[in-house]
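To start, the structure itself, in structure tokens.
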There are 2 protein chains.
Amino acid sequence: MYRTHTCGELRIEHINQKVTLAGWVQKRRDLGNLTFIDLRDRYGITQLTFSSDINPELLEKARLINREFVIQVTGVVRERENKNPNLPTGDIEIIVEQLNILNPSLTPPFTIEDQTDGGEELRMKYRYLDLRRNPLKNNLILRHKLALETRKYLDALNFLEIETPFLIKSTPEGARDFVVPSRMHKGEFYALPQSPQTFKQILMVAGYDRYFQIVRCFRDEDLRADRQPEFTQIDCEMSFVEREDILQTFEGLIRHLFKTVKRIELSEFKRMSYDEAMNYYGSDKPDLRFDMKFVHLTDLLKDKGFKVFDASETIIGIVLKDQASATRKQIDEWTEFAKSPKVGASGLIYIKYNEDGSIKSSIDKFFNTEQLVEILHSANAEKGDLMLILAGEKWKTLKGMGQLRLHLAQQLNLIPNNTYACLWVVDFPLFEYDEEEQRWVSMHHPFTSPIGDLTGNIADIKANAYDMVINGTEVGGGSIRIHNKETQKKVFELLGFTEEEAMKQFGFLMNAFEYGAPPHGGIAFGFDRLTAIMCGVDSIRDVIAFPKNNAGRDTMIDAPSEINEKQLEELGLIINQNAS
Amino acid sequence: MYRTHTCGELRIEHINQKVTLAGWVQKRRDLGNLTFIDLRDRYGITQLTFSSDINPELLEKARLINREFVIQVTGVVRERENKNPNLPTGDIEIIVEQLNILNPSLTPPFTIEDQTDGGEELRMKYRYLDLRRNPLKNNLILRHKLALETRKYLDALNFLEIETPFLIKSTPEGARDFVVPSRMHKGEFYALPQSPQTFKQILMVAGYDRYFQIVRCFRDEDLRADRQPEFTQIDCEMSFVEREDILQTFEGLIRHLFKTVKRIELSEFKRMSYDEAMNYYGSDKPDLRFDMKFVHLTDLLKDKGFKVFDASETIIGIVLKDQASATRKQIDEWTEFAKSPKVGASGLIYIKYNEDGSIKSSIDKFFNTEQLVEILHSANAEKGDLMLILAGEKWKTLKGMGQLRLHLAQQLNLIPNNTYACLWVVDFPLFEYDEEEQRWVSMHHPFTSPIGDLTGNIADIKANAYDMVINGTEVGGGSIRIHNKETQKKVFELLGFTEEEAMKQFGFLMNAFEYGAPPHGGIAFGFDRLTAIMCGVDSIRDVIAFPKNNAGRDTMIDAPSEINEKQLEELGLIINQNAS
């Protein structure tokens, strides 16, 4: 071992001990006949002291050492004269007696500090330097702890971690697969899993009863903001359970993680139906750290003679507490936002309920004071509050108001820090209409069990599905599954599969259902996203050691890249030079 | 929840409780006015009793239930008249009051018993049924425990589990990569990792100090016996360490696993150099559960006038205790084995040291009794022992004798059961000559540090590498790595890389070495193989939930398979119809 202690370990009780440390030079300060070096490793920083009084040659040598050199030193622990209360090791320093340069370093292209001067691109290319910075290091340590505590919690509940294959079969349903050409079976391909969904269901059929896996998944999508082609799931499945069993078990998991890793006791997990979430927050993943619940005004305002309202399917308002004093400029900005593609409204209506009881509104001309008071009262608005109203086509208006709600909360700093609002959204529709493909598709996936049977209006069939939402982000989702061949066949039929297609792609699962499939259900958490929330960072790139950039490239290793002719030939493939 | 208890849980203290169980029908026995059903789940088997005295309709219903039906029953726990001491639940039975058939089952194509009547092919296709059998279930439970205990042990030593990417860069050095065509960058490919080797080294450069990961790896090789295209590694790396630190740390891991999972305290881990292993056991992974160490006879027997010996580079013998009475037929069989391609010798020489002190040998004509006695004594053979001798070209004879040693030990039942002989093999050669490619290749991989410098005869350079061997199987291997750009460049040069090629493929690692790379080293364990050894099974297929067959196919899901034209077009690929 190159060291007796780490750089985060030494305290006042180690005084006068001879120790050996190894690490990276964080900085060097030369002061007359003294040189100080801050030596860093994963565990902390320790001050090294070189003095010309003690060893002038060593001092000379120390002055040749620059940032990020890897050195090994031996010396005696001494109490510092000027203690640093911000460092756990701040009471001591090492009076160096031996210095060994293990490896020099070029000057890094950016500073290795909590706030670095490096741009994203540079930091991705030199990821090994970026990963030295505390923020990233702390995120990866937290990620490690989350994974371990997840395993401990689930193991204690008799879940088994079972590994499922990565080289599986491509299925055109859902997102696009990454495929892997087979050399032994030319012209054939494996696919990388988008999730172990069918395998975990097969494990339930096989009697494994409680399965989990922390597992990499792959999706070849056009990368939108903060998506990665490979991502990690906490994937879980249970047999002989109903929805409530799953909600309890995995609410327990999230509580356990917050408690053990962040020392936070989460408060109540709310429950909300999909319809309620959409109607009152304009989102299937409402952020409940703040209120601003929608007020439905259609009945009150429609057909009262104001053309805009009369032509609208839906009229909804929100109340901004104590914002009656909002300036013209501010309201203009919000109106611009309402008209932007993100919301897509034709305009934004306001009603100011001033402190003095007077009312000012953009619809003064169409509604008298009495009517305006009625609107304000129906929304429980008080003096000093501001009310904003959108009107238009139902879904567009709901979603638009959801966007506006988030925008206002951020802009007005209504979102409390270090608060975690956890929520189950339940009773999703089983199907949704895909305008592009002109057909009904599964809102979750085709293995989701309906609530009740599959008759009646397809749009009205509810799924026995649930999403866990924290702070407006979907961190997990799942469902009770279909475990019966006939129901599964019927769902594929409703999705427009021929029986042949369904059997070709999912025959193994439907056959398995004929050999004693138990009732089962499960959930999968987006582990990157959950970690990001618990680290308090916005981008999942900050919780992944080696992420891809927005073009799906790893710029450090330069992947993807061309392969040689021999490889292509062995795989029986030709590059299509005409491909766009 | 569909049950109040599992099928492995009820004991005499539960008598008179009303319980609900759910599970699979293992078997049904009809006896006059009684029917018994053994209900099975992951946790055990519980006997259900239906009686016409209590409920004749329920008895009728029970008699419609067949093997592998999934049922739910409610009833009262009663003490059995005929207890079954072989079952943990054997003291009780359930007098069933309610019966609910949750899902019927077709008759399985093979029996779900510890010893099944199903052939391998059928069991792979219906893997969900095969996985219901106890032997496979117990293996997967043990695998889960091994993984969890590995994580707990390493976490306690400050190792961090850090996930590395699966979509990386293809490198033609070493085994063949599986590749993944990029849709966003047409004509370019990712590769699936053969191991996270370079990433874990990068993590050391990034200061993470102690890394591990239980991770899937991929190798597109022609599948020999018991290889899988995807396999799992326990992958580990440490900074600021020397070889001894790694051996101690990971000997500790294996001890911990045997102790916690199998309640076995392992005895001493022997150490042996590669040269010693080859010279005395004819293998770099000797099985030390039995002795039969080679005796070198070249000096004693060469140039004594026997042409076969005189023409041989090496003459070696082994002693079989108490086998002087071996029959002619047996010696003939061993001679056949010695002449088979596995050994490749021209013949096998024996010397019988009979109980009465007389000697009988196939080289009686060339050596007199005095000489034969000298040979026997030099090998410490005693009366009643048999000595076997091979002669020929050095490496071929050593390896051949190694094979013969294993064959004899198996045939003569010299290998004790439930014994674990653990061994570190160290001081491997850094390079070996590849006859096919006509060049020197790395014996482990090009990142392995040499012992000393890289001058002198290339064949004589030793690697700072080590393999862990248990019972003649290599379960893990690793090395102290190169952490210096110049040494790394020199190794690539010796391997025949141009500087350009080396930089193109591994430039990111060599560049990283210029920014403060610490001394580091690591190890990787083959998790499938380790689990197989600890489960006492020969094939890794028995410790993998969903293995591929010998042709690399998953016959349950039918992968690999063809993909559609649209997918190919999006990837910019054409199938080469002329490929052989």
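Labels for the structure tokens follow display order: chains A, B, ..., residues from 1 in each chain, ligands from 1.
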Problem - Shell of 7 Å around stretch 383-395 of chain A, only C-alpha atoms, local chain residues under 3 positions omitted, as a PyMOL selection string - result: chain A and resi 309+312-324+348-355+357+398-399+401
Determine, using only C-alpha atoms, which residues of chain B have any atom at most 6 Å from an atom of chain A, and tabulate each with its shortest atom pair and distance in Å to one decimal place, rows ordered by chain and then rising number, as JSON lines.
{"residue": "B:Met1", "atom": "CA", "partner": "A:Val241", "partner_atom": "CA", "distance": 4.5}
{"residue": "B:Tyr2", "atom": "CA", "partner": "A:Phe240", "partner_atom": "CA", "distance": 5.0}
{"residue": "B:Glu68", "atom": "CA", "partner": "A:Gly516", "partner_atom": "CA", "distance": 5.7}
{"residue": "B:Phe69", "atom": "CA", "partner": "A:Gly516", "partner_atom": "CA", "distance": 5.2}
{"residue": "B:Val70", "atom": "CA", "partner": "A:Gly516", "partner_atom": "CA", "distance": 5.4}
{"residue": "B:Asn103", "atom": "CA", "partner": "A:Gly516", "partner_atom": "CA", "distance": 5.6}
{"residue": "B:Pro104", "atom": "CA", "partner": "A:Gly516", "partner_atom": "CA", "distance": 5.7}
{"residue": "B:Ser105", "atom": "CA", "partner": "A:Tyr515", "partner_atom": "CA", "distance": 4.2}
{"residue": "B:Leu106", "atom": "CA", "partner": "A:Tyr515", "partner_atom": "CA", "distance": 5.4}
{"residue": "B:Tyr128", "atom": "CA", "partner": "A:Ala206", "partner_atom": "CA", "distance": 4.5}
{"residue": "B:Leu129", "atom": "CA", "partner": "A:Ala206", "partner_atom": "CA", "distance": 5.9}
{"residue": "B:Leu131", "atom": "CA", "partner": "A:Ala206", "partner_atom": "CA", "distance": 5.7}
{"residue": "B:Arg132", "atom": "CA", "partner": "A:Ala206", "partner_atom": "CA", "distance": 5.3}
{"residue": "B:His144", "atom": "CA", "partner": "A:Glu161", "partner_atom": "CA", "distance": 5.5}
{"residue": "B:Leu160", "atom": "CA", "partner": "A:His144", "partner_atom": "CA", "distance": 6.0}
{"residue": "B:Glu161", "atom": "CA", "partner": "A:His144", "partner_atom": "CA", "distance": 5.5}
{"residue": "B:Ile168", "atom": "CA", "partner": "A:Ala559", "partner_atom": "CA", "distance": 5.8}
{"residue": "B:Lys169", "atom": "CA", "partner": "A:Ala559", "partner_atom": "CA", "distance": 5.0}
{"residue": "B:Val179", "atom": "CA", "partner": "A:Val180", "partner_atom": "CA", "distance": 6.0}
{"residue": "B:Val180", "atom": "CA", "partner": "A:Val180", "partner_atom": "CA", "distance": 5.0}
{"residue": "B:Gly187", "atom": "CA", "partner": "A:Ile575", "partner_atom": "CA", "distance": 5.9}
{"residue": "B:Glu188", "atom": "CA", "partner": "A:Glu562", "partner_atom": "CA", "distance": 4.5}
{"residue": "B:Phe189", "atom": "CA", "partner": "A:Pro560", "partner_atom": "CA", "distance": 4.9}
{"residue": "B:Tyr190", "atom": "CA", "partner": "A:Pro560", "partner_atom": "CA", "distance": 4.6}
{"residue": "B:Ala206", "atom": "CA", "partner": "A:Tyr128", "partner_atom": "CA", "distance": 4.5}
{"residue": "B:Phe240", "atom": "CA", "partner": "A:Tyr2", "partner_atom": "CA", "distance": 5.0}
{"residue": "B:Val241", "atom": "CA", "partner": "A:Met1", "partner_atom": "CA", "distance": 4.5}
{"residue": "B:Glu242", "atom": "CA", "partner": "A:Met1", "partner_atom": "CA", "distance": 5.8}
{"residue": "B:Phe508", "atom": "CA", "partner": "A:Ile557", "partner_atom": "CA", "distance": 5.9}
{"residue": "B:Glu514", "atom": "CA", "partner": "A:Ser105", "partner_atom": "CA", "distance": 5.4}
{"residue": "B:Tyr515", "atom": "CA", "partner": "A:Ser105", "partner_atom": "CA", "distance": 4.2}
{"residue": "B:Gly516", "atom": "CA", "partner": "A:Ser105", "partner_atom": "CA", "distance": 4.7}
{"residue": "B:Ile557", "atom": "CA", "partner": "A:Phe508", "partner_atom": "CA", "distance": 5.9}
{"residue": "B:Ala559", "atom": "CA", "partner": "A:Lys169", "partner_atom": "CA", "distance": 5.0}
{"residue": "B:Pro560", "atom": "CA", "partner": "A:Tyr190", "partner_atom": "CA", "distance": 4.6}
{"residue": "B:Ser561", "atom": "CA", "partner": "A:Glu188", "partner_atom": "CA", "distance": 4.7}
{"residue": "B:Glu562", "atom": "CA", "partner": "A:Glu188", "partner_atom": "CA", "distance": 4.6}
{"residue": "B:Gly572", "atom": "CA", "partner": "A:Asn576", "partner_atom": "CA", "distance": 5.0}
{"residue": "B:Leu573", "atom": "CA", "partner": "A:Ile575", "partner_atom": "CA", "distance": 4.9}
{"residue": "B:Ile574", "atom": "CA", "partner": "A:Ile574", "partner_atom": "CA", "distance": 5.0}
{"residue": "B:Ile575", "atom": "CA", "partner": "A:Leu573", "partner_atom": "CA", "distance": 4.9}
{"residue": "B:Asn576", "atom": "CA", "partner": "A:Gly572", "partner_atom": "CA", "distance": 5.0}
{"residue": "B:Ala579", "atom": "CA", "partner": "A:Gly572", "partner_atom": "CA", "distance": 5.2}
Handout entry: Contacts of A:Lys61 within 12 Å, only C-alpha atoms, excl. fewer than 3 positions in-chain, as a list in words
Key =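 Here the qualifying residues turn out to be Thr35, Phe50, Ser51, Ser52, Asn55, Pro56, Glu57, Leu58, Leu64, Ile65, Asn66, Ile71, Val96, Glu97, Gln98, Leu99, Asn100 and Ile101 of chain A.
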Same residues, N, CA, C and O atoms, output as a PDB file, in the first residue's frame:
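To be explicit, this is the file written out as part-v8.pdb:
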ATOM      1  N   THR A  35       6.579  26.224   1.990  1.00  0.00           N
ATOM      2  CA  THR A  35       5.641  25.886   0.913  1.00  0.00           C
ATOM      3  C   THR A  35       4.552  24.980   1.481  1.00  0.00           C
ATOM      4  O   THR A  35       4.855  24.050   2.239  1.00  0.00           O
ATOM      5  N   PHE A  50       6.260  22.196   3.839  1.00  0.00           N
ATOM      6  CA  PHE A  50       7.692  22.054   3.559  1.00  0.00           C
ATOM      7  C   PHE A  50       8.356  23.329   4.051  1.00  0.00           C
ATOM      8  O   PHE A  50       7.878  24.425   3.766  1.00  0.00           O
ATOM      9  N   SER A  51       9.472  23.175   4.778  1.00  0.00           N
ATOM     10  CA  SER A  51      10.128  24.355   5.336  1.00  0.00           C
ATOM     11  C   SER A  51      11.617  24.301   5.059  1.00  0.00           C
ATOM     12  O   SER A  51      12.245  23.237   5.183  1.00  0.00           O
ATOM     13  N   SER A  52      12.200  25.438   4.704  1.00  0.00           N
ATOM     14  CA  SER A  52      13.642  25.452   4.435  1.00  0.00           C
ATOM     15  C   SER A  52      14.433  25.286   5.729  1.00  0.00           C
ATOM     16  O   SER A  52      15.566  24.828   5.719  1.00  0.00           O
ATOM     17  N   ASN A  55      14.292  21.227   5.855  1.00  0.00           N
ATOM     18  CA  ASN A  55      14.934  20.526   4.749  1.00  0.00           C
ATOM     19  C   ASN A  55      14.863  21.383   3.486  1.00  0.00           C
ATOM     20  O   ASN A  55      13.913  21.306   2.719  1.00  0.00           O
ATOM     21  N   PRO A  56      15.898  22.207   3.262  1.00  0.00           N
ATOM     22  CA  PRO A  56      15.864  23.132   2.119  1.00  0.00           C
ATOM     23  C   PRO A  56      15.791  22.413   0.769  1.00  0.00           C
ATOM     24  O   PRO A  56      15.136  22.899  -0.152  1.00  0.00           O
ATOM     25  N   GLU A  57      16.407  21.239   0.660  1.00  0.00           N
ATOM     26  CA  GLU A  57      16.361  20.518  -0.621  1.00  0.00           C
ATOM     27  C   GLU A  57      14.945  20.043  -0.937  1.00  0.00           C
ATOM     28  O   GLU A  57      14.495  20.108  -2.076  1.00  0.00           O
ATOM     29  N   LEU A  58      14.277  19.551   0.105  1.00  0.00           N
ATOM     30  CA  LEU A  58      12.899  19.076  -0.070  1.00  0.00           C
ATOM     31  C   LEU A  58      11.993  20.234  -0.479  1.00  0.00           C
ATOM     32  O   LEU A  58      11.094  20.074  -1.306  1.00  0.00           O
ATOM     33  N   LEU A  64       8.715  22.369  -7.405  1.00  0.00           N
ATOM     34  CA  LEU A  64       8.618  21.937  -8.808  1.00  0.00           C
ATOM     35  C   LEU A  64       7.279  21.232  -9.095  1.00  0.00           C
ATOM     36  O   LEU A  64       6.979  20.847 -10.223  1.00  0.00           O
ATOM     37  N   ILE A  65       6.518  21.056  -8.034  1.00  0.00           N
ATOM     38  CA  ILE A  65       5.295  20.264  -8.157  1.00  0.00           C
ATOM     39  C   ILE A  65       4.111  21.157  -8.516  1.00  0.00           C
ATOM     40  O   ILE A  65       3.908  22.193  -7.895  1.00  0.00           O
ATOM     41  N   ASN A  66       3.366  20.726  -9.495  1.00  0.00           N
ATOM     42  CA  ASN A  66       2.225  21.536  -9.913  1.00  0.00           C
ATOM     43  C   ASN A  66       0.896  20.832  -9.680  1.00  0.00           C
ATOM     44  O   ASN A  66       0.861  19.680  -9.236  1.00  0.00           O
ATOM     45  N   ILE A  71       1.484  12.520  -5.886  1.00  0.00           N
ATOM     46  CA  ILE A  71       2.673  12.411  -5.036  1.00  0.00           C
ATOM     47  C   ILE A  71       2.394  11.530  -3.829  1.00  0.00           C
ATOM     48  O   ILE A  71       1.250  11.290  -3.450  1.00  0.00           O
ATOM     49  N   VAL A  96       6.570  17.432   6.108  1.00  0.00           N
ATOM     50  CA  VAL A  96       7.007  16.385   5.178  1.00  0.00           C
ATOM     51  C   VAL A  96       8.489  16.091   5.323  1.00  0.00           C
ATOM     52  O   VAL A  96       9.322  16.996   5.392  1.00  0.00           O
ATOM     53  N   GLU A  97       8.814  14.803   5.372  1.00  0.00           N
ATOM     54  CA  GLU A  97      10.212  14.367   5.452  1.00  0.00           C
ATOM     55  C   GLU A  97      10.665  13.668   4.181  1.00  0.00           C
ATOM     56  O   GLU A  97      11.845  13.679   3.860  1.00  0.00           O
ATOM     57  N   GLN A  98       9.717  13.022   3.479  1.00  0.00           N
ATOM     58  CA  GLN A  98      10.052  12.374   2.210  1.00  0.00           C
ATOM     59  C   GLN A  98       8.979  12.710   1.191  1.00  0.00           C
ATOM     60  O   GLN A  98       7.801  12.714   1.528  1.00  0.00           O
ATOM     61  N   LEU A  99       9.436  12.922  -0.029  1.00  0.00           N
ATOM     62  CA  LEU A  99       8.508  13.297  -1.102  1.00  0.00           C
ATOM     63  C   LEU A  99       8.831  12.458  -2.329  1.00  0.00           C
ATOM     64  O   LEU A  99       9.988  12.391  -2.757  1.00  0.00           O
ATOM     65  N   ASN A 100       7.819  11.823  -2.873  1.00  0.00           N
ATOM     66  CA  ASN A 100       8.007  10.941  -4.012  1.00  0.00           C
ATOM     67  C   ASN A 100       6.964  11.318  -5.074  1.00  0.00           C
ATOM     68  O   ASN A 100       5.768  11.241  -4.837  1.00  0.00           O
ATOM     69  N   ILE A 101       7.464  11.779  -6.217  1.00  0.00           N
ATOM     70  CA  ILE A 101       6.512  12.115  -7.299  1.00  0.00           C
ATOM     71  C   ILE A 101       6.127  10.826  -8.023  1.00  0.00           C
ATOM     72  O   ILE A 101       6.942  10.232  -8.714  1.00  0.00           O
TER      73      ILE A 101
END
Practice task
Apply DSSP to the structure's backbone, then extract all residues of stretch 42-199 of chain B labelled alpha helix (DSSP H) and return them as an MDAnalysis selection string.
Solution key: chainID B and resid 56:62 120:125 127:130 134:156 197:199
Take the residues just selected and output them with C-alpha atoms as a JSON list (two decimals), in the first residue's frame.
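selection-v4.json written:
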[["chain", "number", "residue", "atom", "x", "y", "z"],
["B", 56, "PRO", "CA", -68.27, -33.02, -1.12],
["B", 57, "GLU", "CA", -68.67, -30.26, -3.74],
["B", 58, "LEU", "CA", -65.23, -28.84, -2.99],
["B", 59, "LEU", "CA", -63.78, -32.35, -3.27],
["B", 60, "GLU", "CA", -65.33, -32.67, -6.74],
["B", 61, "LYS", "CA", -63.85, -29.31, -7.73],
["B", 62, "ALA", "CA", -60.43, -30.28, -6.39],
["B", 120, "GLU", "CA", -31.95, -29.94, -22.64],
["B", 121, "GLU", "CA", -33.52, -28.54, -25.81],
["B", 122, "LEU", "CA", -37.08, -28.83, -24.51],
["B", 123, "ARG", "CA", -36.13, -27.35, -21.16],
["B", 124, "MET", "CA", -34.47, -24.34, -22.84],
["B", 125, "LYS", "CA", -37.56, -23.65, -24.92],
["B", 127, "ARG", "CA", -37.31, -22.23, -19.57],
["B", 128, "TYR", "CA", -40.13, -20.83, -17.40],
["B", 129, "LEU", "CA", -41.05, -24.41, -16.50],
["B", 130, "ASP", "CA", -37.46, -25.56, -16.08],
["B", 134, "ASN", "CA", -35.60, -26.83, -7.20],
["B", 135, "PRO", "CA", -32.03, -27.27, -8.46],
["B", 136, "LEU", "CA", -32.24, -24.23, -10.75],
["B", 137, "LYS", "CA", -34.20, -22.21, -8.20],
["B", 138, "ASN", "CA", -31.65, -22.91, -5.48],
["B", 139, "ASN", "CA", -28.81, -21.92, -7.82],
["B", 140, "LEU", "CA", -30.44, -18.57, -8.62],
["B", 141, "ILE", "CA", -31.12, -17.89, -4.94],
["B", 142, "LEU", "CA", -27.48, -18.62, -4.15],
["B", 143, "ARG", "CA", -26.42, -16.35, -7.00],
["B", 144, "HIS", "CA", -28.54, -13.54, -5.55],
["B", 145, "LYS", "CA", -26.91, -14.02, -2.16],
["B", 146, "LEU", "CA", -23.41, -14.07, -3.64],
["B", 147, "ALA", "CA", -24.00, -10.79, -5.46],
["B", 148, "LEU", "CA", -25.42, -9.11, -2.38],
["B", 149, "GLU", "CA", -22.64, -10.33, -0.09],
["B", 150, "THR", "CA", -20.04, -9.23, -2.63],
["B", 151, "ARG", "CA", -21.54, -5.76, -2.53],
["B", 152, "LYS", "CA", -21.71, -5.66, 1.25],
["B", 153, "TYR", "CA", -18.10, -6.79, 1.64],
["B", 154, "LEU", "CA", -16.72, -4.33, -0.89],
["B", 155, "ASP", "CA", -18.87, -1.45, 0.38],
["B", 156, "ALA", "CA", -17.51, -2.02, 3.88],
["B", 197, "GLN", "CA", -11.15, -2.47, -18.33],
["B", 198, "THR", "CA", -10.31, 0.95, -19.72],
["B", 199, "PHE", "CA", -13.19, 2.65, -17.92]]
Exercise for the section: Considering only C-alpha atoms, return as a list in words whatever protein or nucleic-acid residues lie within 12 Å of B:Glu81, sequence-local ones (same chain, fewer than 5 positions apart) excluded. Expected result: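 Near B:Glu81, the qualifying residues are Thr49, Gly90, Asp91, Ile92 and Glu93 of chain B.
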Write a file of the selected residues as a PDB file, in the first residue's frame, keeping C-alpha atoms.
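Wrote result38.pdb, looks like this:
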ATOM      1  CA  THR B  49     -56.702 -31.758   2.219  1.00  0.00           C
ATOM      2  CA  GLY B  90     -44.600 -31.749   7.217  1.00  0.00           C
ATOM      3  CA  ASP B  91     -46.315 -31.525  10.591  1.00  0.00           C
ATOM      4  CA  ILE B  92     -49.401 -29.752   9.281  1.00  0.00           C
ATOM      5  CA  GLU B  93     -51.982 -29.735   6.535  1.00  0.00           C
TER       6      GLU B  93
END
Fill in the blank from the handout: From atom CA of B:Ile234 to atom CA of B:Gln213 the spacing works out at 5.8 Å
Exercise for the section: Quick one: pull the distance between atom CA of B:Phe250 and atom CA of B:Met272, Å, one decimal. Expected result: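 Atom-to-atom, atom CA of B:Phe250 to atom CA of B:Met272, that is 16.5 Å.
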Exercise for the section: Fewer than 4 positions away in the same chain doesn't count, so skip those; otherwise give me all residues within 12 Å of stretch 274-286 of chain B, counting only C-alpha atoms, as a ChimeraX atom specification. Expected result: /B:270,290-297,314-318,343,390,394-406,421-430,443,460,462-477
Exercise for the section: Enumerate as JSON, numbers by chain all residues of stretch 306-342 of chain B assigned to strand (DSSP E) by DSSP on the backbone, naming them with the chain letters and numbers the document uses. Expected result: {"B": [314, 315, 316, 317, 318, 319, 320]}
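Distances to A:Gly536 were evaluated for A:Phe492, A:Ile54, A:Tyr420, A:Lys485 using only C-alpha atoms, and the minimum falls at A:Tyr420.
With atom CA of B:Ile45 on one side and atom CA of B:Pro88 on the other, the separation reads 8.5 Å.
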Handout entry: Which residue of A:Phe258, A:Ala225, A:Gln17, A:Gly478 approaches A:Phe525 most closely, using only C-alpha atoms
Key =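 Residue with the minimum atom-to-atom distance to A:Phe525: A:Gly478.
Counting only C-alpha atoms and comparing A:Thr249, A:Thr20, A:Thr89, A:Thr111, the residue that lies closest to A:Val73 is A:Thr20.
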